[in-house]
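J.: One file: input.cif (mmCIF, C-alpha atoms).
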data_work
#
loop_
_atom_site.group_PDB
_atom_site.id
_atom_site.type_symbol
_atom_site.label_atom_id
_atom_site.label_comp_id
_atom_site.auth_asym_id
_atom_site.auth_seq_id
_atom_site.Cartn_x
_atom_site.Cartn_y
_atom_site.Cartn_z
ATOM 1 C CA MET S 456 -0.198 -9.242 5.708
ATOM 2 C CA SER S 457 -1.944 -10.008 8.963
ATOM 3 C CA SER S 458 -5.459 -11.351 9.169
ATOM 4 C CA LEU S 459 -6.470 -8.941 11.934
ATOM 5 C CA ILE S 460 -7.288 -5.250 11.789
ATOM 6 C CA SER S 461 -7.269 -3.322 15.040
ATOM 7 C CA TYR S 462 -9.385 -0.312 15.823
ATOM 8 C CA SER S 463 -6.354 1.984 16.024
ATOM 9 C CA GLU S 464 -5.108 0.914 12.581
ATOM 10 C CA LEU S 465 -8.540 1.357 11.048
ATOM 11 C CA GLU S 466 -9.042 4.751 12.673
ATOM 12 C CA ARG S 467 -5.602 5.940 11.519
ATOM 13 C CA TYR S 468 -6.319 5.071 7.880
ATOM 14 C CA VAL S 469 -9.752 6.714 8.003
ATOM 15 C CA ARG S 470 -8.308 9.859 9.586
ATOM 16 C CA VAL S 471 -5.595 10.109 6.916
ATOM 17 C CA GLY S 472 -8.142 9.450 4.172
ATOM 18 C CA VAL S 473 -10.442 12.176 5.442
ATOM 19 C CA ARG S 474 -7.537 14.592 5.804
ATOM 20 C CA ASN S 475 -6.291 13.916 2.269
ATOM 21 C CA GLY S 476 -9.769 14.112 0.749
ATOM 22 C CA VAL S 477 -9.685 10.520 -0.493
ATOM 23 C CA PHE S 478 -12.505 9.432 1.807
ATOM 24 C CA ARG S 479 -15.062 11.388 -0.196
ATOM 25 C CA ARG S 480 -14.182 9.367 -3.315
ATOM 26 C CA LEU S 481 -15.426 6.160 -1.723
ATOM 27 C CA SER S 482 -18.867 4.952 -2.710
ATOM 28 C CA MET S 483 -21.703 5.247 -0.212
ATOM 29 C CA VAL S 484 -21.631 1.487 0.349
ATOM 30 C CA GLN S 485 -17.887 1.529 1.062
ATOM 31 C CA LYS S 486 -18.290 4.435 3.496
ATOM 32 C CA ALA S 487 -21.121 2.657 5.304
ATOM 33 C CA PHE S 488 -19.110 -0.569 5.458
ATOM 34 C CA LEU S 489 -16.093 1.309 6.805
ATOM 35 C CA ARG S 490 -18.156 3.093 9.461
ATOM 36 C CA ALA S 491 -19.780 -0.182 10.526
ATOM 37 C CA CYS S 492 -16.358 -1.800 10.800
ATOM 38 C CA LEU S 493 -15.112 1.156 12.852
ATOM 39 C CA LEU S 494 -18.007 0.836 15.279
ATOM 40 C CA PHE S 495 -17.533 -2.920 15.533
ATOM 41 C CA ALA S 496 -13.766 -2.614 16.043
ATOM 42 C CA ARG S 497 -14.249 0.061 18.708
ATOM 43 C CA ARG S 498 -16.595 -2.270 20.576
ATOM 44 C CA VAL S 499 -14.641 -5.535 20.143
ATOM 45 C CA GLY S 500 -11.068 -4.301 19.614
ATOM 46 C CA VAL S 501 -10.094 -6.163 16.435
ATOM 47 C CA ILE S 502 -11.726 -7.462 13.293
ATOM 48 C CA SER S 503 -10.715 -11.052 12.630
ATOM 49 C CA SER S 504 -13.116 -12.296 9.949
ATOM 50 C CA ARG S 505 -11.114 -13.161 6.830
ATOM 51 C CA VAL S 506 -13.896 -12.052 4.476
ATOM 52 C CA VAL S 507 -14.373 -8.699 6.194
ATOM 53 C CA VAL S 508 -10.617 -8.133 6.519
ATOM 54 C CA SER S 509 -10.040 -8.831 2.825
ATOM 55 C CA GLN S 510 -12.729 -6.328 1.831
ATOM 56 C CA LEU S 511 -11.390 -3.806 4.325
ATOM 57 C CA ARG S 512 -7.828 -4.199 3.000
ATOM 58 C CA ASP S 513 -9.028 -3.141 -0.455
ATOM 59 C CA ILE S 514 -10.641 -0.022 0.965
ATOM 60 C CA LEU S 515 -7.653 0.748 3.209
ATOM 61 C CA ARG S 516 -5.293 0.378 0.267
ATOM 62 C CA PHE S 517 -7.312 3.089 -1.462
ATOM 63 C CA LEU S 518 -7.210 5.309 1.659
ATOM 64 C CA ALA S 519 -3.481 4.818 2.234
ATOM 65 C CA PRO S 520 -1.243 7.896 2.202
ATOM 66 C CA PRO S 521 0.842 8.532 -0.926
ATOM 67 C CA ARG S 522 4.051 7.469 0.811
ATOM 68 C CA VAL S 523 2.665 3.998 1.549
ATOM 69 C CA LYS S 524 1.416 3.640 -2.029
ATOM 70 C CA ALA S 525 4.820 4.739 -3.334
ATOM 71 C CA LEU S 526 6.654 2.250 -1.109
ATOM 72 C CA GLU S 527 4.422 -0.582 -2.328
ATOM 73 C CA ALA S 528 4.924 0.421 -5.967
ATOM 74 C CA GLY S 529 8.667 0.795 -5.388
ATOM 75 C CA LEU S 530 8.858 -2.647 -3.820
ATOM 76 C CA ARG S 531 7.107 -4.179 -6.844
ATOM 77 C CA ARG S 532 9.493 -2.353 -9.163
ATOM 78 C CA VAL S 533 12.527 -3.502 -7.154
ATOM 79 C CA GLY S 534 11.309 -7.106 -7.452
ATOM 80 C CA GLU S 535 11.105 -6.758 -11.226
ATOM 81 C CA MET S 536 14.543 -5.161 -11.377
ATOM 82 C CA LEU S 537 16.103 -7.869 -9.167
ATOM 83 C CA LYS S 538 14.851 -10.632 -11.449
ATOM 84 C CA CYS S 539 16.007 -8.798 -14.543
ATOM 85 C CA PHE S 540 19.438 -7.912 -13.162
ATOM 86 C CA GLU S 541 20.061 -11.410 -11.789
ATOM 87 C CA SER S 542 19.211 -13.041 -15.101
ATOM 88 C CA ARG S 543 21.585 -10.712 -16.952
ATOM 89 C CA GLY S 544 24.411 -10.958 -14.420
ATOM 90 C CA VAL S 545 24.518 -7.284 -13.482
ATOM 91 C CA PHE S 546 25.363 -8.034 -9.847
ATOM 92 C CA LYS S 547 28.620 -9.745 -10.846
ATOM 93 C CA PHE S 548 30.182 -6.604 -12.249
ATOM 94 C CA ALA S 549 28.194 -4.015 -10.242
ATOM 95 C CA PRO S 550 27.453 -5.365 -6.741
ATOM 96 C CA GLN S 551 26.652 -1.858 -5.475
ATOM 97 C CA VAL S 552 23.366 -1.946 -7.423
ATOM 98 C CA LYS S 553 21.988 -4.599 -5.058
ATOM 99 C CA LEU S 554 22.610 -2.283 -2.094
ATOM 100 C CA TRP S 555 20.831 0.547 -3.895
ATOM 101 C CA LEU S 556 17.804 -1.667 -4.481
ATOM 102 C CA MET S 557 17.621 -2.511 -0.762
ATOM 103 C CA ASP S 558 17.717 1.159 0.279
ATOM 104 C CA GLU S 559 14.298 2.434 1.385
ATOM 105 C CA SER S 560 14.810 5.934 0.004
ATOM 106 C CA TYR S 561 15.622 4.476 -3.425
ATOM 107 C CA ARG S 562 12.486 2.312 -3.262
ATOM 108 C CA LEU S 563 10.479 5.390 -2.373
ATOM 109 C CA TYR S 564 12.020 7.237 -5.321
ATOM 110 C CA LEU S 565 11.171 4.374 -7.689
ATOM 111 C CA GLY S 566 7.622 4.234 -6.310
ATOM 112 C CA PHE S 567 6.955 7.932 -6.806
ATOM 113 C CA MET S 568 8.450 7.766 -10.291
ATOM 114 C CA TYR S 569 6.113 4.873 -11.097
ATOM 115 C CA LEU S 570 3.036 6.584 -9.614
ATOM 116 C CA ASN S 571 3.720 9.813 -11.511
ATOM 117 C CA GLU S 572 4.404 8.069 -14.806
ATOM 118 C CA PRO S 573 1.736 8.819 -17.414
ATOM 119 C CA PHE S 574 -0.522 5.990 -18.481
ATOM 120 C CA ARG S 575 0.684 4.426 -21.717
ATOM 121 C CA ILE S 576 -1.283 2.448 -24.247
ATOM 122 C CA TRP S 577 0.914 0.182 -26.342
#
Please, can you express the file's structure as structure tokens?

T.:
Amino acid sequence: MSSLISYSELERYVRVGVRNGVFRRLSMVQKAFLRACLLFARRVGVISSRVVVSQLRDILRFLAPPRVKALEAGLRRVGEMLKCFESRGVFKFAPQVKLWLMDESYRLYLGFMYLNEPFRIW
């Protein structure tokens, strides 16, 4: 993940968040911080402060479209599956599984399945 956030990237996430209705779920402080960062990035071009960027990344992760969230969740799930399958030797007798795990549409499928899974208390 880069340590810079450009104005165009920030504006795109805010626009998608407003369109999806997620922007209104932010707290007043987060909205004010986001607007201040937008004004600063419009004036300067990029935000390069590590502290500000780390706080912005948390907010932008919340504003991200569902597809991006699903791809991130799918990538985490694929990492878990790779470790599990390698330790059990699945790739020796089924090498096609590794190709499935590298396919973006399969990762997206896994991500949406994970995001739509009900919360479980064990």

J.: So which residues touch S:Leu515 within 9 Å, counting only C-alpha atoms, skipping near sequence neighbours fewer than 3 positions away, as an NGL selection string?

T.: :S and (465 or 468-469 or 472 or 510-512 or 518-519)

J.: For S:Met536, please output as a PDB file with C-alpha atoms, in the frame of the given file all residues within 12 Å (counting all atoms listed in the file; exclusion window: fewer than 4 positions along the same chain).

T.:
ATOM      1  CA  GLY S 529       8.667   0.795  -5.388  1.00  0.00           C
ATOM      2  CA  LEU S 530       8.858  -2.647  -3.820  1.00  0.00           C
ATOM      3  CA  ARG S 531       7.107  -4.179  -6.844  1.00  0.00           C
ATOM      4  CA  ARG S 532       9.493  -2.353  -9.163  1.00  0.00           C
ATOM      5  CA  PHE S 540      19.438  -7.912 -13.162  1.00  0.00           C
ATOM      6  CA  GLU S 541      20.061 -11.410 -11.789  1.00  0.00           C
ATOM      7  CA  SER S 542      19.211 -13.041 -15.101  1.00  0.00           C
ATOM      8  CA  ARG S 543      21.585 -10.712 -16.952  1.00  0.00           C
ATOM      9  CA  GLY S 544      24.411 -10.958 -14.420  1.00  0.00           C
ATOM     10  CA  VAL S 545      24.518  -7.284 -13.482  1.00  0.00           C
ATOM     11  CA  PHE S 546      25.363  -8.034  -9.847  1.00  0.00           C
ATOM     12  CA  VAL S 552      23.366  -1.946  -7.423  1.00  0.00           C
ATOM     13  CA  LYS S 553      21.988  -4.599  -5.058  1.00  0.00           C
ATOM     14  CA  TRP S 555      20.831   0.547  -3.895  1.00  0.00           C
ATOM     15  CA  LEU S 556      17.804  -1.667  -4.481  1.00  0.00           C
ATOM     16  CA  MET S 557      17.621  -2.511  -0.762  1.00  0.00           C
ATOM     17  CA  ARG S 562      12.486   2.312  -3.262  1.00  0.00           C
ATOM     18  CA  LEU S 565      11.171   4.374  -7.689  1.00  0.00           C
TER      19      LEU S 565
END

J.: What's the separation between atom CA of S:Arg470 and atom CA of S:Ser503, in Å to one decimal place?

T.: 21.3 Å

J.: How many Å lie between atom CA of S:Val508 and atom CA of S:Phe488, rounded to one decimal?

T.: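 Computing it gives 11.4 Å between the two atoms.
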
J.: From the set S:Leu459, S:Val506, S:Val477, S:Ile576, which residue has the shortest atom-to-atom contact distance to S:Pro521, counting only C-alpha atoms?

T.: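 Distance minimum relative to S:Pro521 lands on S:Val477.
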
J.: Residues within 8 Å of S:Leu493, please, as a list in words. Count only C-alpha atoms; anything in the same chain fewer than 2 positions from it doesn't count.

T.: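 Here the qualifying residues turn out to be Tyr462, Leu465, Glu466, Leu489, Arg490, Ala491, Phe495, Ala496 and Arg497 of chain S.
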
J.: Taking all atoms listed in the file into account, which of S:Ala487, S:Ile502, S:Cys492, S:Val473 comes nearest S:Ser458?

T.: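 Using all atoms listed in the file, S:Ser458 sits closest to S:Ile502.
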
J.: How many Å separate atom CA of S:Arg505 from atom CA of S:Arg474?

T.: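 Separation of atom CA of S:Arg505 and atom CA of S:Arg474: 28.0 Å.
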
J.: Choose the residue, out of S:Val484, S:Val501, S:Met568, S:Leu563, that has the smallest atom-to-atom separation from S:Val523; count only C-alpha atoms.

T.: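 Of the candidates, the smallest distance to S:Val523 is held by S:Leu563.
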
J.: Compile the contact shell of S:Tyr569 as a PyMOL selection string: residues with an atom at most 9 Å away, counting only C-alpha atoms, same-chain residues fewer than 2 positions apart removed.

T.: chain S and resi 525+528-529+532+564-567+571-573

J.: Would you mind telling me which residue in S:Leu570, S:Leu481, S:Ile460, S:Ala549 lies nearest to S:Ser509 when using only C-alpha atoms?

T.: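 Going through S:Leu570, S:Leu481, S:Ile460, S:Ala549 one by one, the smallest distance to S:Ser509 is for S:Ile460.
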
J.: Could you rebuild stretch 484-518 of chain S with N, CA and C atoms and give it back as a JSON list (two decimals), in the frame of the given file?

T.:
[["chain", "number", "residue", "atom", "x", "y", "z"],
["S", 484, "VAL", "N", -21.66, 2.82, -0.25],
["S", 484, "VAL", "CA", -21.63, 1.49, 0.35],
["S", 484, "VAL", "C", -20.30, 1.26, 1.06],
["S", 485, "GLN", "N", -19.20, 1.69, 0.43],
["S", 485, "GLN", "CA", -17.89, 1.53, 1.06],
["S", 485, "GLN", "C", -17.78, 2.36, 2.33],
["S", 486, "LYS", "N", -18.31, 3.59, 2.30],
["S", 486, "LYS", "CA", -18.29, 4.43, 3.50],
["S", 486, "LYS", "C", -19.10, 3.80, 4.62],
["S", 487, "ALA", "N", -20.27, 3.29, 4.29],
["S", 487, "ALA", "CA", -21.12, 2.66, 5.30],
["S", 487, "ALA", "C", -20.44, 1.41, 5.88],
["S", 488, "PHE", "N", -19.83, 0.62, 5.01],
["S", 488, "PHE", "CA", -19.11, -0.57, 5.46],
["S", 488, "PHE", "C", -17.95, -0.19, 6.38],
["S", 489, "LEU", "N", -17.22, 0.85, 6.01],
["S", 489, "LEU", "CA", -16.09, 1.31, 6.80],
["S", 489, "LEU", "C", -16.55, 1.83, 8.16],
["S", 490, "ARG", "N", -17.63, 2.58, 8.18],
["S", 490, "ARG", "CA", -18.16, 3.09, 9.46],
["S", 490, "ARG", "C", -18.65, 1.95, 10.35],
["S", 491, "ALA", "N", -19.31, 0.97, 9.75],
["S", 491, "ALA", "CA", -19.78, -0.18, 10.53],
["S", 491, "ALA", "C", -18.60, -0.96, 11.11],
["S", 492, "CYS", "N", -17.56, -1.10, 10.31],
["S", 492, "CYS", "CA", -16.36, -1.80, 10.80],
["S", 492, "CYS", "C", -15.68, -1.01, 11.91],
["S", 493, "LEU", "N", -15.68, 0.31, 11.79],
["S", 493, "LEU", "CA", -15.11, 1.16, 12.85],
["S", 493, "LEU", "C", -15.88, 0.98, 14.16],
["S", 494, "LEU", "N", -17.20, 1.01, 14.07],
["S", 494, "LEU", "CA", -18.01, 0.84, 15.28],
["S", 494, "LEU", "C", -17.80, -0.55, 15.89],
["S", 495, "PHE", "N", -17.75, -1.57, 15.04],
["S", 495, "PHE", "CA", -17.53, -2.92, 15.53],
["S", 495, "PHE", "C", -16.15, -3.05, 16.17],
["S", 496, "ALA", "N", -15.12, -2.50, 15.52],
["S", 496, "ALA", "CA", -13.77, -2.61, 16.04],
["S", 496, "ALA", "C", -13.61, -1.82, 17.34],
["S", 497, "ARG", "N", -14.31, -0.70, 17.46],
["S", 497, "ARG", "CA", -14.25, 0.06, 18.71],
["S", 497, "ARG", "C", -14.85, -0.76, 19.85],
["S", 498, "ARG", "N", -15.91, -1.47, 19.55],
["S", 498, "ARG", "CA", -16.60, -2.27, 20.58],
["S", 498, "ARG", "C", -15.80, -3.53, 20.94],
["S", 499, "VAL", "N", -15.29, -4.24, 19.92],
["S", 499, "VAL", "CA", -14.64, -5.54, 20.14],
["S", 499, "VAL", "C", -13.12, -5.40, 20.29],
["S", 500, "GLY", "N", -12.52, -4.49, 19.55],
["S", 500, "GLY", "CA", -11.07, -4.30, 19.61],
["S", 500, "GLY", "C", -10.38, -4.62, 18.30],
["S", 501, "VAL", "N", -10.69, -5.77, 17.71],
["S", 501, "VAL", "CA", -10.09, -6.16, 16.43],
["S", 501, "VAL", "C", -11.15, -6.81, 15.55],
["S", 502, "ILE", "N", -10.88, -6.77, 14.26],
["S", 502, "ILE", "CA", -11.73, -7.46, 13.29],
["S", 502, "ILE", "C", -10.92, -8.65, 12.80],
["S", 503, "SER", "N", -11.48, -9.85, 12.95],
["S", 503, "SER", "CA", -10.72, -11.05, 12.63],
["S", 503, "SER", "C", -11.32, -11.89, 11.50],
["S", 504, "SER", "N", -12.48, -11.54, 11.02],
["S", 504, "SER", "CA", -13.12, -12.30, 9.95],
["S", 504, "SER", "C", -12.31, -12.12, 8.65],
["S", 505, "ARG", "N", -11.94, -13.24, 8.05],
["S", 505, "ARG", "CA", -11.11, -13.16, 6.83],
["S", 505, "ARG", "C", -11.83, -12.46, 5.69],
["S", 506, "VAL", "N", -13.13, -12.67, 5.56],
["S", 506, "VAL", "CA", -13.90, -12.05, 4.48],
["S", 506, "VAL", "C", -13.96, -10.54, 4.68],
["S", 507, "VAL", "N", -14.27, -10.13, 5.89],
["S", 507, "VAL", "CA", -14.37, -8.70, 6.19],
["S", 507, "VAL", "C", -13.01, -8.03, 6.08],
["S", 508, "VAL", "N", -11.98, -8.70, 6.58],
["S", 508, "VAL", "CA", -10.62, -8.13, 6.52],
["S", 508, "VAL", "C", -10.16, -7.98, 5.08],
["S", 509, "SER", "N", -10.47, -8.94, 4.23],
["S", 509, "SER", "CA", -10.04, -8.83, 2.82],
["S", 509, "SER", "C", -10.74, -7.66, 2.13],
["S", 510, "GLN", "N", -12.02, -7.47, 2.42],
["S", 510, "GLN", "CA", -12.73, -6.33, 1.83],
["S", 510, "GLN", "C", -12.22, -5.01, 2.41],
["S", 511, "LEU", "N", -11.92, -5.01, 3.70],
["S", 511, "LEU", "CA", -11.39, -3.81, 4.32],
["S", 511, "LEU", "C", -10.01, -3.46, 3.78],
["S", 512, "ARG", "N", -9.18, -4.46, 3.53],
["S", 512, "ARG", "CA", -7.83, -4.20, 3.00],
["S", 512, "ARG", "C", -7.90, -3.48, 1.66],
["S", 513, "ASP", "N", -8.87, -3.84, 0.83],
["S", 513, "ASP", "CA", -9.03, -3.14, -0.46],
["S", 513, "ASP", "C", -9.37, -1.67, -0.25],
["S", 514, "ILE", "N", -10.26, -1.41, 0.69],
["S", 514, "ILE", "CA", -10.64, -0.02, 0.96],
["S", 514, "ILE", "C", -9.48, 0.73, 1.60],
["S", 515, "LEU", "N", -8.78, 0.09, 2.54],
["S", 515, "LEU", "CA", -7.65, 0.75, 3.21],
["S", 515, "LEU", "C", -6.51, 1.01, 2.25],
["S", 516, "ARG", "N", -6.33, 0.15, 1.28],
["S", 516, "ARG", "CA", -5.29, 0.38, 0.27],
["S", 516, "ARG", "C", -5.60, 1.64, -0.53],
["S", 517, "PHE", "N", -6.89, 1.88, -0.76],
["S", 517, "PHE", "CA", -7.31, 3.09, -1.46],
["S", 517, "PHE", "C", -7.12, 4.33, -0.59],
["S", 518, "LEU", "N", -7.33, 4.19, 0.73],
["S", 518, "LEU", "CA", -7.21, 5.31, 1.66],
["S", 518, "LEU", "C", -5.77, 5.58, 2.10]]
